[in-house]
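Notes follow the structure.
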Amino acid sequence: MKRWVKVLTLVVSLLVFFGTAQWAAAQDTLSLDEAIKLALDHDMDLKKAEAEIERTKAIRDDAQENVQFTPVEGGYSGPYGPQIEASWNKLLSADLAWRASKKDYEAKVDALVLDVCKKYWDVQVAGSKLSLQEKLKGQALINLQNARAGAAAGTVAPSTQMIAESQYEQAIKNYEQARHALDDAYNALNQAIGLDAGARPELIDDVKFEPLQVDSLDGAVFRVLEKAPAVWKARQNIDLKRWAADMMYFTGSYTPYDARQKELEQAELDYAGVRELMAKATRTAYYQARQVEEGYVAALEALKMAEEKLRVERARCEAGMGIKADVVAAEVAVVQAQQALDNLVRQHAYLKLAFEKPWAISAGGM
């Protein structure tokens, strides 16, 4: 997806990024790209992963200097000797650790990007829920006012007024809960991107609904398996175990032949298992995205119907044939339908990202 390409270019732009504090002082709006930029600059695990690349590179270079003789893969004709085999193992293991640290860094970037996207969208979801609860509170107030007027005129039973009073009190509580939920969502986003807890930037990027374009699901799964860091590491471990299978002193001490063969078999089983899990995750994200696409069509139709209902109720009220309470109820229905549609759009966007890079799903889901 284009967004992932943009995200990777953001890593380079961090070299000239002017810092979180200056951003917070200069702006009160926040785009998704800016949020990702801030998170990449702020995340301590990412900085540690960068340092790990340098650490493993130093160990790998040192191990290479200690190799005096390079064995030939597949040309084994006898023991090379404990020192040669152990030195070769140390180099291969250190080289794998170094290359794996670079893969781990890339995976952390992917996971962080996906996490920030989710937190960004969570704030927007919480904001729409607060707007809905505000509408419901207004509706409950109008119903209460009508019940009070009816009770005073003797046309409404006291019990009906009591119910309206209770419903209004509950609406106030629901509104406060939604407000706290928005604060929590902002807090989670702010922590991820390094802003003060009290910062409330306006999130200006909306999600555009774009159906998945997949010519072949099997082909998409294959591409994921070729890029997945966990699959790559499992495949590299097989290569390491193949060397070990031919060298009895590969680990520095004698290892029986049967034990070395079993370690190779275990590595191959691990590889098959990781591939299967990653393929399942990819297919699951695909089918979930397709389900959301089907639900989107129905949700869009529901919104159109709610908007038409509101148009009719407003016209009736202006003509003196309707009442304000019906208009407010229709407005609430529109907000609910819009919220349901927006939630599906954000969920679909998340699943599209997860479909392309399922290893980026660090924890939880949308």
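In the structure tokens, the first chain shown is A, the next is B, and so on; residue numbers restart at 1 for each chain, and ligands run from 1 in the order shown.
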
Quick one: pick out all alpha helix (DSSP H) residues within segment 98-256 of chain A from a backbone DSSP run and write them as a ChimeraX atom specification.
/A:98-153,158-193,217-227,229-245

So that I can check the surroundings of Glu263 of chain A, please list as a VMD selection string every protein, DNA and RNA residue that reaches within 12 Å of it, counting only C-alpha atoms and ignoring chain neighbours fewer than 3 positions away.
chain A and resid 237 to 246 255 to 260 266 to 270

If you count only C-alpha atoms, which residues fall within 6 Å of segment 29-31 of chain A, apart from same-chain ones fewer than 4 positions away, as a short mmCIF file (atom, residue, chain, number, x, y, z; two decimals) with C-alpha atoms, in the first residue's frame?
```cif
data_model
loop_
_atom_site.label_atom_id
_atom_site.label_comp_id
_atom_site.auth_asym_id
_atom_site.auth_seq_id
_atom_site.Cartn_x
_atom_site.Cartn_y
_atom_site.Cartn_z
CA PRO A 201 -4.69 18.25 18.89
CA GLU A 202 -7.38 18.12 16.26
CA LEU A 203 -6.92 14.96 14.20
CA ILE A 204 -7.37 16.14 10.64
CA ASP A 205 -6.93 12.97 8.57
#
```

A:Gly81, A:His42, A:Asp122, A:Thr70: which is nearest Tyr254 of chain A, counting only C-alpha atoms?
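When distances to Tyr254 of chain A are compared using only C-alpha atoms, the smallest one comes from A:Gly81.
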
Do you know which residues are at most 10 Å from Thr251 of chain A counting only C-alpha atoms, after dropping those on the same chain fewer than 4 positions away, and could you put them as a PyMOL selection string?
chain A and resi 82-83+85-90+244+247+255

Contacts of Ala164 of chain A at 9 Å (only C-alpha atoms; same-chain gap of 3+ positions) as a ChimeraX atom specification:
/A:140-141,143-145,147-148,159-161,167-169
